[in-house]
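Trainee: This structure is in structure tokens; I'll ask about it shortly.
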Amino acid sequence: MRVVLIAPAATSYIWRKRRAAFTMPPMALPVLAACTPPGVEIKLIDEAVEDVNLNLEADMVGLSAMTPTAPRAYALADHFRSRGIPVVMGGVHPSVLPDEALRHCDSVVIGEAENLWASVLQEAGQGRLKRTYQDSAFISLDNLPPPRWNLLLGKRYFIPQTIQVSRGCPIGCSFCSVSSYFGRSFRFRPIPQVIEEVKSLPRKLFIFVDDNIAGEPDQAKELFAAMIPLKKKWVGQCSLSIAEDPELLDLAARSGCIGLLIGFESISPAVLRSIGKQVNLRRKYEEAIGQIHGRSIHIQGSFIFGFDGDTLEAIRSTAQFVKKNRLTGVNYCHLTPFPGTKLFADLEKEGRILHRDWSKYDRQNIVFLPRNFTPEELQDHIFWAYRQTYNWRSFWQRRPSSFHHFSLYLALNFGYMKGVRKMERNAQRSRKGLCSTSEVVRPPGQGT
């Protein structure tokens with residue numbers, strides 16, 4: 001049996017076919033490949049770094065889709081089904097909207113697929129695929145096999161392999177689909193397994209793809225302590241709570257942590273309360289940043305604009321906050337109501353969802369009616385904030401006080417300086433004639 005697994009990518013994806021610091025390989029495909037029984041010939045295609053051969057030969061095609069890649073996944077599914085090839089879909093978007101996905105494919109795997117994958121393959125080979133597959137409970141991570149990274153084009157990625165230690169998140173922010181897809185509690189892989197996987201990595205630098213690598217402090221301390229002798233370098237994502245525990249932060253630094261992506265989301269306490277990010281309310285941002293910087297760890301901040309409590313002044317203040325606190329880099333995300341989230345349900349109830357063109361649900365376009373802006377105003381103000389951050393003057397103002405791992409600072413800023421320009425062009429084109437693609441983005445306060 002010949003199986004091809006595809007991670008589709010929209011043509012507007014700004015890092016498509018580029019070897020860039022922000023391009024990571026999709027983990028779902030190598031994990032499913034590792035769960036594939038012997039005797040099944042399997043091929044992986046990440047459309048972010050290679051084209052899909054529409055004439056490929058296969059007995060089954062699998063597509064893993066997120067919301068912004070769903071239209072591309074549906075187009076590929078329609079094509080392969082027209083050739084008589086059964087298509088199975090999985091991932092967050094088909095799991096949330098299986099009936100929609102089933103208009104384009106033969107079967108949908110809802111939620112985590114590892115425990116179901118062997119059955120899917122067996123029944124596909126017998127020509128009796130079920131319409132849906134869904135496990136009755138979240139899977140145990142105790143015996144997951146290591147991903148088969150060798151089946152992807154590793155040289156096309158800045159970092160060709162990533163590590164996942166845990167799944168789930170107990171916070172449950174209104175805009176986030178992680179807790180609904182992976183659960184409201186943490187599940188962990190055995191630390192000895194993780195350490196063996198880290199040892200096997202061919203490069204010194206790698207990425208933890210966990211949503212919060214330090215979410216359970218005792219577990220994280222054990223992991224970091226075990227990593228110290230490995231002499232690896234890593235970056236990951238976590239909450240500000242890591243700064244409350246000096247021992248945890250010290251162990252992270254000693255284990256090789258050189259950078260953390262931290263979801264600040266907003267500098268407004270009222271906004272944080274409204275979205276359920278109570279965890280950030282207990283912390284003083286400046287002190288937490290100082291604690292992390294004091295260990296020579298870079299910070300990539302993530303902020304979201306478009307909440308009902310956001311104002312023009314909030315956007316200005318956030319850009320100033322980033323400079324003042326010398327963050328290595330920053331994401332200014334467009335608030336995006338992904339299907340299946342509380343945010344989507346609330347906005348849909350209020351009649352504020354503009355459309356269901358899922359390709360625009362990419363955190364680069366405004367797909368709902370904001371409270372205090374027109375969609376065009378909000379988008380322009382976000383790109384103004386990006387320009388305030390990613391320019392040569394800000395590059396100098398935000399330079400790290402320590403030159404440890406300065407290459408990370410350079411890579412993030414040079415990458416974003418180029419990427420933001422392309423992101424803005426794509427967003428302007430998507431306005432479908434509402435504004436000229438040559439229109440200059442005006443700073444907040446200078447009209448729209």
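In the structure tokens, chains take letters A, B, ... by order of appearance, with residues numbered from 1 within each chain and ligands from 1 in the order shown.
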Can you check which residues of segment 250-448 of chain A DSSP gives as strand (DSSP E or B) on the backbone and send them as number ranges by chain?
Mentor: A: 257-265, 298-305, 329-334, 353, 368
Trainee: Only N, CA and C atoms, please: the residues just picked out, written as a PDB file, in the first residue's frame.
Mentor:
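To be explicit, this is the file written out as again.pdb:
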```pdb
ATOM      1  N   CYS A 257      18.865  26.991  27.111  1.00  0.00           N
ATOM      2  CA  CYS A 257      17.840  27.890  26.578  1.00  0.00           C
ATOM      3  C   CYS A 257      18.468  29.213  26.163  1.00  0.00           C
ATOM      4  N   ILE A 258      18.271  29.598  24.899  1.00  0.00           N
ATOM      5  CA  ILE A 258      18.781  30.887  24.428  1.00  0.00           C
ATOM      6  C   ILE A 258      17.659  31.838  24.029  1.00  0.00           C
ATOM      7  N   GLY A 259      16.414  31.333  23.936  1.00  0.00           N
ATOM      8  CA  GLY A 259      15.329  32.213  23.551  1.00  0.00           C
ATOM      9  C   GLY A 259      13.979  31.618  23.886  1.00  0.00           C
ATOM     10  N   LEU A 260      13.023  32.486  24.244  1.00  0.00           N
ATOM     11  CA  LEU A 260      11.672  32.056  24.589  1.00  0.00           C
ATOM     12  C   LEU A 260      10.649  32.922  23.862  1.00  0.00           C
ATOM     13  N   LEU A 261       9.657  32.268  23.271  1.00  0.00           N
ATOM     14  CA  LEU A 261       8.488  32.974  22.754  1.00  0.00           C
ATOM     15  C   LEU A 261       7.471  33.046  23.878  1.00  0.00           C
ATOM     16  N   ILE A 262       7.089  34.257  24.251  1.00  0.00           N
ATOM     17  CA  ILE A 262       6.186  34.462  25.381  1.00  0.00           C
ATOM     18  C   ILE A 262       4.935  35.198  24.910  1.00  0.00           C
ATOM     19  N   GLY A 263       3.775  34.621  25.213  1.00  0.00           N
ATOM     20  CA  GLY A 263       2.509  35.229  24.831  1.00  0.00           C
ATOM     21  C   GLY A 263       2.068  36.277  25.842  1.00  0.00           C
ATOM     22  N   PHE A 264       2.499  37.512  25.665  1.00  0.00           N
ATOM     23  CA  PHE A 264       2.016  38.603  26.511  1.00  0.00           C
ATOM     24  C   PHE A 264       0.551  38.896  26.184  1.00  0.00           C
ATOM     25  N   GLU A 265       0.199  38.799  24.915  1.00  0.00           N
ATOM     26  CA  GLU A 265      -1.139  39.044  24.360  1.00  0.00           C
ATOM     27  C   GLU A 265      -1.530  40.511  24.428  1.00  0.00           C
ATOM     28  N   HIS A 298      16.961  35.429  25.242  1.00  0.00           N
ATOM     29  CA  HIS A 298      16.228  36.360  24.399  1.00  0.00           C
ATOM     30  C   HIS A 298      14.724  36.132  24.529  1.00  0.00           C
ATOM     31  N   ILE A 299      13.942  37.179  24.277  1.00  0.00           N
ATOM     32  CA  ILE A 299      12.485  37.085  24.347  1.00  0.00           C
ATOM     33  C   ILE A 299      11.879  37.527  23.021  1.00  0.00           C
ATOM     34  N   GLN A 300      11.083  36.644  22.440  1.00  0.00           N
ATOM     35  CA  GLN A 300      10.228  36.984  21.309  1.00  0.00           C
ATOM     36  C   GLN A 300       8.840  37.174  21.885  1.00  0.00           C
ATOM     37  N   GLY A 301       8.361  38.402  21.920  1.00  0.00           N
ATOM     38  CA  GLY A 301       7.054  38.681  22.492  1.00  0.00           C
ATOM     39  C   GLY A 301       5.944  38.483  21.471  1.00  0.00           C
ATOM     40  N   SER A 302       4.795  38.036  21.938  1.00  0.00           N
ATOM     41  CA  SER A 302       3.639  37.893  21.064  1.00  0.00           C
ATOM     42  C   SER A 302       2.487  38.710  21.624  1.00  0.00           C
ATOM     43  N   PHE A 303       1.970  39.626  20.810  1.00  0.00           N
ATOM     44  CA  PHE A 303       0.856  40.480  21.191  1.00  0.00           C
ATOM     45  C   PHE A 303      -0.252  40.321  20.155  1.00  0.00           C
ATOM     46  N   ILE A 304      -1.474  40.519  20.581  1.00  0.00           N
ATOM     47  CA  ILE A 304      -2.625  40.402  19.693  1.00  0.00           C
ATOM     48  C   ILE A 304      -3.403  41.710  19.741  1.00  0.00           C
ATOM     49  N   PHE A 305      -3.735  42.241  18.582  1.00  0.00           N
ATOM     50  CA  PHE A 305      -4.534  43.455  18.497  1.00  0.00           C
ATOM     51  C   PHE A 305      -5.881  43.149  17.852  1.00  0.00           C
ATOM     52  N   GLY A 329      12.459  40.301  19.543  1.00  0.00           N
ATOM     53  CA  GLY A 329      11.545  40.351  18.416  1.00  0.00           C
ATOM     54  C   GLY A 329      10.121  40.351  18.929  1.00  0.00           C
ATOM     55  N   VAL A 330       9.184  40.507  18.013  1.00  0.00           N
ATOM     56  CA  VAL A 330       7.786  40.590  18.430  1.00  0.00           C
ATOM     57  C   VAL A 330       6.881  40.161  17.281  1.00  0.00           C
ATOM     58  N   ASN A 331       5.796  39.477  17.633  1.00  0.00           N
ATOM     59  CA  ASN A 331       4.696  39.222  16.703  1.00  0.00           C
ATOM     60  C   ASN A 331       3.541  40.135  17.102  1.00  0.00           C
ATOM     61  N   TYR A 332       3.061  40.940  16.158  1.00  0.00           N
ATOM     62  CA  TYR A 332       1.839  41.702  16.374  1.00  0.00           C
ATOM     63  C   TYR A 332       0.738  40.987  15.589  1.00  0.00           C
ATOM     64  N   CYS A 333       0.050  40.083  16.234  1.00  0.00           N
ATOM     65  CA  CYS A 333      -0.928  39.242  15.544  1.00  0.00           C
ATOM     66  C   CYS A 333      -2.261  39.962  15.381  1.00  0.00           C
ATOM     67  N   HIS A 334      -2.881  39.759  14.221  1.00  0.00           N
ATOM     68  CA  HIS A 334      -4.257  40.185  14.027  1.00  0.00           C
ATOM     69  C   HIS A 334      -5.146  39.193  14.768  1.00  0.00           C
ATOM     70  N   ILE A 353     -18.775  38.267  12.383  1.00  0.00           N
ATOM     71  CA  ILE A 353     -17.901  37.521  11.483  1.00  0.00           C
ATOM     72  C   ILE A 353     -18.149  38.018  10.056  1.00  0.00           C
ATOM     73  N   PHE A 368     -13.228  39.900  10.990  1.00  0.00           N
ATOM     74  CA  PHE A 368     -14.409  40.206  11.795  1.00  0.00           C
ATOM     75  C   PHE A 368     -14.508  41.718  11.953  1.00  0.00           C
TER      76      PHE A 368
END
```
Trainee: Quick one: residues within 12 Å of Phe373 of chain A, only C-alpha atoms, excluding same-chain residues fewer than 4 positions away - as a PyMOL selection string?
Mentor: chain A and resi 305-312+315+366+368-369+377-382+444+447-448
Trainee: Let me see the file: selected residues, C-alpha atoms, as a CSV table (one decimal), in the first residue's frame.
Mentor:
```
chain,number,residue,atom,x,y,z
A,305,PHE,CA,-4.5,43.5,18.5
A,306,GLY,CA,-8.3,43.6,17.8
A,307,PHE,CA,-9.8,42.8,21.2
A,308,ASP,CA,-12.9,44.8,22.2
A,309,GLY,CA,-10.8,46.7,24.8
A,310,ASP,CA,-8.1,47.6,22.3
A,311,THR,CA,-7.7,51.3,21.3
A,312,LEU,CA,-5.3,53.4,19.2
A,315,ILE,CA,-1.3,49.9,19.9
A,366,ILE,CA,-9.0,41.0,9.7
A,368,PHE,CA,-14.4,40.2,11.8
A,369,LEU,CA,-15.8,43.6,12.7
A,377,GLU,CA,-8.0,50.8,10.2
A,378,LEU,CA,-7.0,48.0,12.5
A,379,GLN,CA,-4.9,46.3,9.9
A,380,ASP,CA,-3.1,49.6,9.0
A,381,HIS,CA,-2.4,50.3,12.7
A,382,ILE,CA,-0.9,46.8,13.2
A,444,PRO,CA,-2.2,55.9,14.0
A,447,GLY,CA,-6.4,59.6,9.5
A,448,THR,CA,-7.5,56.6,7.5
```
Trainee: Applying 9 Å and only C-alpha atoms, which residues near segment 218-223 of chain A remain after dropping the ones on its own chain fewer than 6 positions away? List them as a count of residues only.
Mentor: 11
Trainee: Please determine, counting only C-alpha atoms, which residue among A:Gln134, A:Ser359, A:Thr341, A:Thr328 has the shortest atom-to-atom distance to Tyr390 of chain A.
Mentor: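 Ranked by minimum distance to Tyr390 of chain A, first place goes to A:Thr328.
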Trainee: Let me make sure I understand: among A:Val52, A:Met66, A:Cys105, A:Ile163, which one has the smallest atom-to-atom distance to Asp362 of chain A if we use only C-alpha atoms?
Mentor: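 Of A:Val52, A:Met66, A:Cys105, A:Ile163, the one nearest Asp362 of chain A, counting only C-alpha atoms, is A:Met66.
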Trainee: Please measure the separation of atom CA of Lys418 of chain A and atom CA of Pro337 of chain A, giving the value in Å to one decimal.
Mentor: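 Those two atoms sit 26.7 Å apart.
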Trainee: Compile the contact shell of Leu153 of chain A as a ChimeraX atom specification: residues with an atom at most 9 Å away, counting only C-alpha atoms, same-chain residues fewer than 6 positions apart removed.
Mentor: /A:25,45-46,49-50,160
Trainee: Deliver the residues from the most recent selection as a file, using C-alpha atoms, as a short mmCIF file (atom, residue, chain, number, x, y, z; two decimals), in the first residue's frame.
Mentor:
```
data_model
loop_
_atom_site.label_atom_id
_atom_site.label_comp_id
_atom_site.auth_asym_id
_atom_site.auth_seq_id
_atom_site.Cartn_x
_atom_site.Cartn_y
_atom_site.Cartn_z
CA PRO A 25 8.80 21.21 9.65
CA ILE A 45 5.27 16.29 1.44
CA ASP A 46 5.41 19.67 3.17
CA VAL A 49 9.15 23.71 0.99
CA GLU A 50 8.23 21.58 -2.06
CA PRO A 160 15.09 20.41 10.44
#
```
Trainee: Do you have the atom CA of Phe80 of chain A-atom CA of Val108 of chain A distance handy?
Mentor: 15.4 Å
Trainee: I'd like the interatomic distance between atom CA of Arg295 of chain A and atom CA of Met24 of chain A, to a tenth of an Å.
Mentor: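 Between atom CA of Arg295 of chain A and atom CA of Met24 of chain A the gap is 25.8 Å.
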Trainee: Run DSSP on the backbone and tell me which residues of segment 127-284 of chain A come out as helix (DSSP H, G or I); list them as a PyMOL selection string.
Mentor: chain A and resi 149-151+154-156+178-182+191-200+217-230+240-244+246-254+269-275+278-280
Trainee: Go through A:Ser174, A:Thr67, A:Asn426, A:Asn325 one by one, measure the shortest atom-to-atom distance of each to Ala345 of chain A using only C-alpha atoms, and give the residue with the smallest value.
Mentor: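 Ranked by minimum distance to Ala345 of chain A, first place goes to A:Ser174.
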Trainee: Extract, using only C-alpha atoms, all DNA, RNA and protein residues at most 9 Å from Pro400 of chain A, discarding same-chain residues fewer than 2 positions from it, and format them as a list of chain:residue names.
Mentor: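 Contacts, with the query itself left out: A:His293, A:Ser296, A:His298, A:Arg326, A:Leu327, A:Thr328, A:Gln397, A:Arg398, A:Ser402, A:Phe403, A:His404, A:Phe406, A:Tyr409.
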Trainee: Pick out the residues sitting within 7 Å of Val3 of chain A, and hand them over as number ranges by chain; count only C-alpha atoms, and ignore anything fewer than 5 positions along from it in its own chain.
Mentor: A: 41-43, 58-61
Trainee: Kindly indicate which residue among A:Met417, A:Asp250, A:Thr23, A:Asn53 lies nearest to Ile207 of chain A, using only C-alpha atoms for the distances.
Mentor: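 Smallest separation from Ile207 of chain A among the options: A:Thr23.
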Trainee: Using only C-alpha atoms for the distances, tell me which of A:Ser177, A:Ser407, A:Gln161, A:Thr318 is nearest to Gly111 of chain A.
Mentor: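 Among the listed residues, A:Ser177 lies closest to Gly111 of chain A.
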